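Undergrad: Structure provided below as structure tokens; questions to follow.
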Amino acid sequence: MTQMIKTVRGHDIPALGFGTFELKGEEGVAAIRTAIELGYRQIDTAIRYGNEVEVGRAIREAGVPREELFVTSKIWFDNLAPDLVPKRVDEILERLGFDHVDLLLVHWPSKVVPMGETLAAFEEERTKGRARLIGVSNFTVALLDEALDVHNADLFCNQVEYHPFLSQQKLLERMGRAGMLLNAYQPIARGKVFQSDLLNALGKKYGKSASQVTLRWHIQQDTVGAIPRSARIENIRANFDIFDFELSPEEMAAIHALARGERYTRFDWEPVWDD
Ligand SMILES: NC(=O)c1ccc[n+]([C@@H]2O[C@H](COP(=O)([O-])OP(=O)(O)OC[C@H]3O[C@@H](n4cnc5c(N)ncnc54)[C@H](OP(=O)(O)O)[C@@H]3O)[C@@H](O)[C@H]2O)c1
């Protein structure tokens, strides 16, 4: 199966990645290694997931050259002060066993540290080559306006919750103007896509599942990637088997029309969302 590559701000990223939240210990290593063996080349981790050691081990055990992989990690919002960022990057690289990550993300915006200070510290990591690219996660249009217009940040992506039941049109419009990638987390709505008649019917038409149709819908959008997670080999394999069919423009629109403002990731530290 041939992976789809997106070129964003002059850099390539495999459109379909592998999420690793909760994939820990020997089982976690096995799941991540399986994903790489099956063809996934974009791996998403975070300090918060406590599994960077597992990610590094799985990559080495899979035997795929490091330069063929696109590895992302993220720094939690309580560690975004400029003196803390390099320390956290030291630890990320130590745990992964690599000399750089491909993408370093602000995991959630800080309500305490001025954004410009964090972005300058991230930019410094990029200049030093310890992060090939930098970006953010869980940023709204207003936060992106500040990052892009006030601080002139060179952001590769914004990783946010996105699936057929949650529209991200406002963000997509803003990020499209900035030439950024929207990398969709919880892309299959934690499995709730299987409850949709439309997604199941489209699956039947193409000999696919609701999950495969949904992932295909994500990556057929110009500036969208997706990072589904699974601990089961059959689901890891199925989620990667989406490169041999294509949804029509009408089917893409029908899936967009399923949006109903359903958001599964809710925290008391979240920003005021756009939807
Ligand atoms: N930046 C952030 O703040 C943030 C927040 C949340 C998530 N993320 C990232 O996004 C990744 C994905 O999000 P997520 O893991 O929460 O949600 P998700 O990928 O939408 O859904 C994962 C769930 O769906 C099930 N599943 C996966 N493929 C399936 C299939 N083909 N058939 C049936 N069930 C299937 C998995 O169970 P099985 O294991 O049994 O297959 C798991 O319970 C995370 O792992 C993480 O890397 C980032």
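The chains in the structure tokens are called A, B, ... from first to last as shown; in each chain the residues are counted from 1, and the ligands are counted from 1 in the order shown.
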Tell me, as JSON, numbers by chain, which residues lie within 6 Å of Leu182 in chain A, counting only C-alpha atoms; anything in the same chain fewer than 4 positions away does not count.
TA: {"A": [157, 158, 159, 224]}
Undergrad: Please, could you write that set of residues out with C-alpha atoms as a PDB file, in the first residue's frame?
TA:
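As written to disk, result37.pdb reads:
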ATOM      1  CA  CYS A 157       0.924  22.284  12.223  1.00  0.00           C
ATOM      2  CA  ASN A 158      -1.868  22.535  14.754  1.00  0.00           C
ATOM      3  CA  GLN A 159      -2.936  19.171  16.146  1.00  0.00           C
ATOM      4  CA  VAL A 224      -5.354  17.471   6.847  1.00  0.00           C
TER       5      VAL A 224
END
Undergrad: List as CSV every residue of range 99-174 of chain A that is in contact with range 186-202 of chain A, defined as an atom at most 12 Å from one of its atoms (using only C-alpha atoms), together with the nearest atom pair and the distance in Å rounded to one decimal, sorted by chain and then rising number.
TA:
residue,atom,partner,partner_atom,distance
A:Gln159,CA,A:Gln186,CA,10.2
A:Val160,CA,A:Gln186,CA,8.4
A:Glu161,CA,A:Gln186,CA,5.8
A:Tyr162,CA,A:Pro187,CA,5.7
A:His163,CA,A:Pro187,CA,4.9
A:Pro164,CA,A:Val193,CA,7.8
A:Phe165,CA,A:Ala189,CA,7.8
A:Leu166,CA,A:Ala189,CA,9.1
A:Ser167,CA,A:Pro187,CA,11.9
Undergrad: Neighbouring residues of Leu80 in chain A were defined as those with any atom within 9 Å, considering only C-alpha atoms; residues of the same chain fewer than 5 positions away were excluded. Please report them as a PDB file with all heavy atoms, in the first residue's frame.
TA:
ATOM      1  N   ILE A  75       5.232  19.121  24.481  1.00  0.00           N
ATOM      2  CA  ILE A  75       5.528  19.576  25.842  1.00  0.00           C
ATOM      3  C   ILE A  75       4.233  20.086  26.483  1.00  0.00           C
ATOM      4  O   ILE A  75       3.522  20.911  25.900  1.00  0.00           O
ATOM      5  CB  ILE A  75       6.609  20.683  25.835  1.00  0.00           C
ATOM      6  CG1 ILE A  75       7.897  20.146  25.184  1.00  0.00           C
ATOM      7  CG2 ILE A  75       6.868  21.177  27.260  1.00  0.00           C
ATOM      8  CD1 ILE A  75       9.061  21.125  25.186  1.00  0.00           C
ATOM      9  N   VAL A  85      11.894  24.712  28.498  1.00  0.00           N
ATOM     10  CA  VAL A  85      11.758  24.035  27.188  1.00  0.00           C
ATOM     11  C   VAL A  85      13.015  23.228  26.828  1.00  0.00           C
ATOM     12  O   VAL A  85      12.909  22.032  26.511  1.00  0.00           O
ATOM     13  CB  VAL A  85      11.371  25.054  26.083  1.00  0.00           C
ATOM     14  CG1 VAL A  85      11.512  24.442  24.692  1.00  0.00           C
ATOM     15  CG2 VAL A  85       9.941  25.551  26.313  1.00  0.00           C
ATOM     16  N   VAL A 106       3.651  22.423  21.161  1.00  0.00           N
ATOM     17  CA  VAL A 106       3.057  22.914  22.404  1.00  0.00           C
ATOM     18  C   VAL A 106       1.790  22.074  22.591  1.00  0.00           C
ATOM     19  O   VAL A 106       0.881  22.143  21.756  1.00  0.00           O
ATOM     20  CB  VAL A 106       2.672  24.409  22.266  1.00  0.00           C
ATOM     21  CG1 VAL A 106       1.862  24.865  23.468  1.00  0.00           C
ATOM     22  CG2 VAL A 106       3.902  25.273  22.052  1.00  0.00           C
ATOM     23  N   PRO A 109      -2.142  25.256  25.026  1.00  0.00           N
ATOM     24  CA  PRO A 109      -1.671  26.619  25.286  1.00  0.00           C
ATOM     25  C   PRO A 109      -1.557  26.886  26.792  1.00  0.00           C
ATOM     26  O   PRO A 109      -2.340  26.361  27.572  1.00  0.00           O
ATOM     27  CB  PRO A 109      -2.763  27.492  24.658  1.00  0.00           C
ATOM     28  CG  PRO A 109      -3.968  26.607  24.551  1.00  0.00           C
ATOM     29  CD  PRO A 109      -3.449  25.227  24.367  1.00  0.00           C
ATOM     30  N   SER A 110      -0.571  27.693  27.171  1.00  0.00           N
ATOM     31  CA  SER A 110      -0.414  28.079  28.578  1.00  0.00           C
ATOM     32  C   SER A 110      -1.204  29.359  28.845  1.00  0.00           C
ATOM     33  O   SER A 110      -1.236  30.254  28.006  1.00  0.00           O
ATOM     34  CB  SER A 110       1.061  28.337  28.888  1.00  0.00           C
ATOM     35  OG  SER A 110       1.184  28.951  30.148  1.00  0.00           O
ATOM     36  N   VAL A 113       2.410  31.472  30.871  1.00  0.00           N
ATOM     37  CA  VAL A 113       3.638  31.899  30.189  1.00  0.00           C
ATOM     38  C   VAL A 113       3.275  32.688  28.930  1.00  0.00           C
ATOM     39  O   VAL A 113       2.460  32.219  28.128  1.00  0.00           O
ATOM     40  CB  VAL A 113       4.490  30.667  29.789  1.00  0.00           C
ATOM     41  CG1 VAL A 113       5.787  31.113  29.115  1.00  0.00           C
ATOM     42  CG2 VAL A 113       4.771  29.796  30.991  1.00  0.00           C
ATOM     43  N   MET A 115       2.999  33.763  25.320  1.00  0.00           N
ATOM     44  CA  MET A 115       3.167  32.883  24.163  1.00  0.00           C
ATOM     45  C   MET A 115       4.462  33.159  23.410  1.00  0.00           C
ATOM     46  O   MET A 115       5.140  32.234  22.947  1.00  0.00           O
ATOM     47  CB  MET A 115       1.969  33.049  23.219  1.00  0.00           C
ATOM     48  CG  MET A 115       1.944  32.012  22.116  1.00  0.00           C
ATOM     49  SD  MET A 115       0.801  32.442  20.801  1.00  0.00           S
ATOM     50  CE  MET A 115      -0.768  32.282  21.599  1.00  0.00           C
ATOM     51  N   GLU A 117       7.321  34.049  24.452  1.00  0.00           N
ATOM     52  CA  GLU A 117       8.510  33.467  25.101  1.00  0.00           C
ATOM     53  C   GLU A 117       8.628  31.979  24.772  1.00  0.00           C
ATOM     54  O   GLU A 117       9.711  31.476  24.492  1.00  0.00           O
ATOM     55  CB  GLU A 117       8.423  33.659  26.624  1.00  0.00           C
ATOM     56  CG  GLU A 117       8.510  35.119  27.032  1.00  0.00           C
ATOM     57  CD  GLU A 117       8.523  35.313  28.546  1.00  0.00           C
ATOM     58  OE1 GLU A 117       8.693  34.317  29.286  1.00  0.00           O
ATOM     59  OE2 GLU A 117       8.346  36.466  28.976  1.00  0.00           O
ATOM     60  N   THR A 118       7.497  31.288  24.822  1.00  0.00           N
ATOM     61  CA  THR A 118       7.509  29.861  24.473  1.00  0.00           C
ATOM     62  C   THR A 118       7.907  29.663  23.018  1.00  0.00           C
ATOM     63  O   THR A 118       8.748  28.822  22.691  1.00  0.00           O
ATOM     64  CB  THR A 118       6.109  29.248  24.697  1.00  0.00           C
ATOM     65  OG1 THR A 118       5.768  29.390  26.060  1.00  0.00           O
ATOM     66  CG2 THR A 118       6.078  27.777  24.302  1.00  0.00           C
ATOM     67  N   LEU A 119       7.296  30.455  22.139  1.00  0.00           N
ATOM     68  CA  LEU A 119       7.573  30.273  20.713  1.00  0.00           C
ATOM     69  C   LEU A 119       9.034  30.574  20.399  1.00  0.00           C
ATOM     70  O   LEU A 119       9.657  29.896  19.569  1.00  0.00           O
ATOM     71  CB  LEU A 119       6.630  31.144  19.880  1.00  0.00           C
ATOM     72  CG  LEU A 119       5.161  30.696  19.943  1.00  0.00           C
ATOM     73  CD1 LEU A 119       4.260  31.700  19.223  1.00  0.00           C
ATOM     74  CD2 LEU A 119       4.984  29.296  19.322  1.00  0.00           C
ATOM     75  N   ALA A 121      11.517  30.056  22.454  1.00  0.00           N
ATOM     76  CA  ALA A 121      12.278  28.894  22.944  1.00  0.00           C
ATOM     77  C   ALA A 121      12.139  27.711  21.980  1.00  0.00           C
ATOM     78  O   ALA A 121      13.099  26.979  21.737  1.00  0.00           O
ATOM     79  CB  ALA A 121      11.789  28.496  24.337  1.00  0.00           C
TER      80      ALA A 121
END
Undergrad: At a cut-off of 6 Å, using only C-alpha atoms, what residues contact Ile5 in chain A? Leave out same-chain residues fewer than 6 positions from it and give the result as a short mmCIF file (atom, residue, chain, number, x, y, z; two decimals) with C-alpha atoms, in the first residue's frame.
TA:
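Now in part.cif:
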data_model
loop_
_atom_site.label_atom_id
_atom_site.label_comp_id
_atom_site.auth_asym_id
_atom_site.auth_seq_id
_atom_site.Cartn_x
_atom_site.Cartn_y
_atom_site.Cartn_z
CA ILE A 13 4.77 14.39 6.14
CA PRO A 14 2.97 11.06 5.75
CA ALA A 15 -0.74 11.97 5.81
#
Undergrad: Find the distance between CA of Arg216 in chain A and CA of Ala62 in chain A and write it in Å to one decimal.
TA: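 CA of Ala62 in chain A lies 25.6 Å from CA of Arg216 in chain A.
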Undergrad: I need the strand (DSSP E or B) residues of range 78-275 of chain A per DSSP on the backbone, written as a list of chain:residue names.
TA: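 Answer for range 78-275 of chain A restricted to strand (DSSP E or B) is A:Val101, A:Asp102, A:Leu103, A:Leu104, A:Leu105, A:Val106, A:Ala131, A:Arg132, A:Leu133, A:Ile134, A:Gly135, A:Val136, A:Ser137, A:Cys157, A:Asn158, A:Gln159, A:Val160, A:Glu161, A:His163, A:Leu166, A:Leu181, A:Leu182, A:Asn183, A:Ala184, A:Tyr185, A:Val224, A:Gly225, A:Ala226.
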Undergrad: Limited to N, CA, C and O atoms, could you put the picked residues into a file as a JSON list (two decimals), in the first residue's frame?
TA:
[["chain", "number", "residue", "atom", "x", "y", "z"],
["A", 101, "VAL", "N", 13.72, 15.43, 17.13],
["A", 101, "VAL", "CA", 12.37, 15.02, 16.74],
["A", 101, "VAL", "C", 12.05, 15.75, 15.43],
["A", 101, "VAL", "O", 12.67, 16.76, 15.11],
["A", 102, "ASP", "N", 11.10, 15.21, 14.67],
["A", 102, "ASP", "CA", 10.74, 15.89, 13.44],
["A", 102, "ASP", "C", 9.82, 17.07, 13.72],
["A", 102, "ASP", "O", 9.84, 18.07, 13.00],
["A", 103, "LEU", "N", 9.02, 16.92, 14.77],
["A", 103, "LEU", "CA", 8.07, 17.99, 15.09],
["A", 103, "LEU", "C", 7.92, 18.09, 16.61],
["A", 103, "LEU", "O", 7.68, 17.08, 17.28],
["A", 104, "LEU", "N", 8.09, 19.30, 17.11],
["A", 104, "LEU", "CA", 7.92, 19.56, 18.54],
["A", 104, "LEU", "C", 6.69, 20.46, 18.71],
["A", 104, "LEU", "O", 6.62, 21.53, 18.11],
["A", 105, "LEU", "N", 5.74, 19.99, 19.53],
["A", 105, "LEU", "CA", 4.48, 20.73, 19.67],
["A", 105, "LEU", "C", 4.27, 21.27, 21.08],
["A", 105, "LEU", "O", 4.62, 20.60, 22.07],
["A", 106, "VAL", "N", 3.65, 22.42, 21.16],
["A", 106, "VAL", "CA", 3.06, 22.91, 22.40],
["A", 106, "VAL", "C", 1.79, 22.07, 22.59],
["A", 106, "VAL", "O", 0.88, 22.14, 21.76],
["A", 131, "ALA", "N", 14.72, 20.04, 16.92],
["A", 131, "ALA", "CA", 13.36, 19.85, 16.38],
["A", 131, "ALA", "C", 13.42, 20.34, 14.94],
["A", 131, "ALA", "O", 13.75, 21.49, 14.69],
["A", 132, "ARG", "N", 13.12, 19.43, 14.00],
["A", 132, "ARG", "CA", 13.19, 19.84, 12.58],
["A", 132, "ARG", "C", 12.11, 20.87, 12.28],
["A", 132, "ARG", "O", 12.31, 21.81, 11.52],
["A", 133, "LEU", "N", 10.93, 20.71, 12.92],
["A", 133, "LEU", "CA", 9.80, 21.60, 12.72],
["A", 133, "LEU", "C", 9.14, 21.85, 14.06],
["A", 133, "LEU", "O", 9.25, 21.02, 14.97],
["A", 134, "ILE", "N", 8.44, 22.96, 14.17],
["A", 134, "ILE", "CA", 7.71, 23.24, 15.41],
["A", 134, "ILE", "C", 6.23, 23.53, 15.10],
["A", 134, "ILE", "O", 5.89, 23.91, 13.98],
["A", 135, "GLY", "N", 5.41, 23.33, 16.12],
["A", 135, "GLY", "CA", 3.99, 23.58, 15.92],
["A", 135, "GLY", "C", 3.26, 23.62, 17.25],
["A", 135, "GLY", "O", 3.88, 23.66, 18.32],
["A", 136, "VAL", "N", 1.94, 23.58, 17.16],
["A", 136, "VAL", "CA", 1.10, 23.71, 18.35],
["A", 136, "VAL", "C", 0.00, 22.65, 18.31],
["A", 136, "VAL", "O", -0.20, 21.98, 17.30],
["A", 137, "SER", "N", -0.68, 22.54, 19.44],
["A", 137, "SER", "CA", -1.81, 21.62, 19.53],
["A", 137, "SER", "C", -2.88, 22.31, 20.38],
["A", 137, "SER", "O", -2.55, 23.06, 21.30],
["A", 157, "CYS", "N", 2.24, 22.90, 12.06],
["A", 157, "CYS", "CA", 0.92, 22.28, 12.22],
["A", 157, "CYS", "C", 0.23, 22.69, 13.51],
["A", 157, "CYS", "O", 0.85, 23.24, 14.43],
["A", 158, "ASN", "N", -1.06, 22.42, 13.55],
["A", 158, "ASN", "CA", -1.87, 22.54, 14.75],
["A", 158, "ASN", "C", -2.58, 21.20, 14.88],
["A", 158, "ASN", "O", -3.31, 20.80, 13.97],
["A", 159, "GLN", "N", -2.30, 20.49, 15.96],
["A", 159, "GLN", "CA", -2.94, 19.17, 16.15],
["A", 159, "GLN", "C", -4.18, 19.37, 17.02],
["A", 159, "GLN", "O", -4.07, 19.83, 18.15],
["A", 160, "VAL", "N", -5.33, 19.06, 16.47],
["A", 160, "VAL", "CA", -6.59, 19.29, 17.18],
["A", 160, "VAL", "C", -7.56, 18.13, 17.00],
["A", 160, "VAL", "O", -7.40, 17.32, 16.08],
["A", 161, "GLU", "N", -8.55, 18.08, 17.86],
["A", 161, "GLU", "CA", -9.61, 17.07, 17.70],
["A", 161, "GLU", "C", -10.37, 17.37, 16.40],
["A", 161, "GLU", "O", -10.80, 18.49, 16.17],
["A", 163, "HIS", "N", -13.06, 15.15, 13.58],
["A", 163, "HIS", "CA", -13.69, 13.93, 13.06],
["A", 163, "HIS", "C", -15.03, 14.36, 12.44],
["A", 163, "HIS", "O", -15.40, 15.55, 12.53],
["A", 166, "LEU", "N", -17.41, 16.76, 14.41],
["A", 166, "LEU", "CA", -16.92, 18.06, 14.90],
["A", 166, "LEU", "C", -16.33, 18.84, 13.74],
["A", 166, "LEU", "O", -15.27, 18.48, 13.22],
["A", 181, "LEU", "N", -0.62, 22.54, 8.43],
["A", 181, "LEU", "CA", -1.32, 21.25, 8.45],
["A", 181, "LEU", "C", -2.23, 21.17, 9.67],
["A", 181, "LEU", "O", -1.83, 21.55, 10.78],
["A", 182, "LEU", "N", -3.44, 20.66, 9.47],
["A", 182, "LEU", "CA", -4.27, 20.29, 10.62],
["A", 182, "LEU", "C", -4.10, 18.78, 10.80],
["A", 182, "LEU", "O", -4.48, 18.01, 9.92],
["A", 183, "ASN", "N", -3.46, 18.39, 11.88],
["A", 183, "ASN", "CA", -3.31, 16.95, 12.14],
["A", 183, "ASN", "C", -4.42, 16.55, 13.10],
["A", 183, "ASN", "O", -4.50, 17.07, 14.23],
["A", 184, "ALA", "N", -5.28, 15.64, 12.65],
["A", 184, "ALA", "CA", -6.51, 15.33, 13.39],
["A", 184, "ALA", "C", -6.25, 14.30, 14.48],
["A", 184, "ALA", "O", -5.86, 13.16, 14.18],
["A", 185, "TYR", "N", -6.50, 14.68, 15.73],
["A", 185, "TYR", "CA", -6.48, 13.67, 16.79],
["A", 185, "TYR", "C", -7.90, 13.20, 17.05],
["A", 185, "TYR", "O", -8.86, 13.89, 16.71],
["A", 224, "VAL", "N", -4.98, 18.24, 5.66],
["A", 224, "VAL", "CA", -5.35, 17.47, 6.85],
["A", 224, "VAL", "C", -4.59, 16.14, 6.90],
["A", 224, "VAL", "O", -4.45, 15.46, 5.88],
["A", 225, "GLY", "N", -4.09, 15.82, 8.08],
["A", 225, "GLY", "CA", -3.51, 14.51, 8.35],
["A", 225, "GLY", "C", -4.32, 13.87, 9.47],
["A", 225, "GLY", "O", -5.21, 14.51, 10.05],
["A", 226, "ALA", "N", -4.05, 12.62, 9.81],
["A", 226, "ALA", "CA", -4.81, 11.96, 10.88],
["A", 226, "ALA", "C", -3.91, 10.95, 11.58],
["A", 226, "ALA", "O", -3.07, 10.31, 10.96]]
Undergrad: Could you jot down the atom 47 (O, counted along the ligand's line) of ligand 1 to CA of Asn235 in chain A separation for me, Å, one decimal place?
TA: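 Interatomic distance here is 15.3 Å.
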Undergrad: Work out how far CA of Asp12 in chain A is from CA of Ala31 in chain A, in Å to one decimal.
TA: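 Result for CA of Ala31 in chain A versus CA of Asp12 in chain A: 24.5 Å, one decimal.
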Undergrad: Let me make sure I understand: among A:Glu246, A:Asp90, A:Glu52, A:Asp149, which one has the smallest atom-to-atom distance to Ile219 in chain A if we use only C-alpha atoms?
TA: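 For Ile219 in chain A, the nearest of the given residues is A:Glu246.
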Undergrad: Could you list, as a ChimeraX atom specification, every residue within 9 Å of range 56-60 of chain A, counting only C-alpha atoms and ignoring same-chain residues fewer than 4 positions away?
TA: /A:28-34,36,51-52,64-66,69,95-98
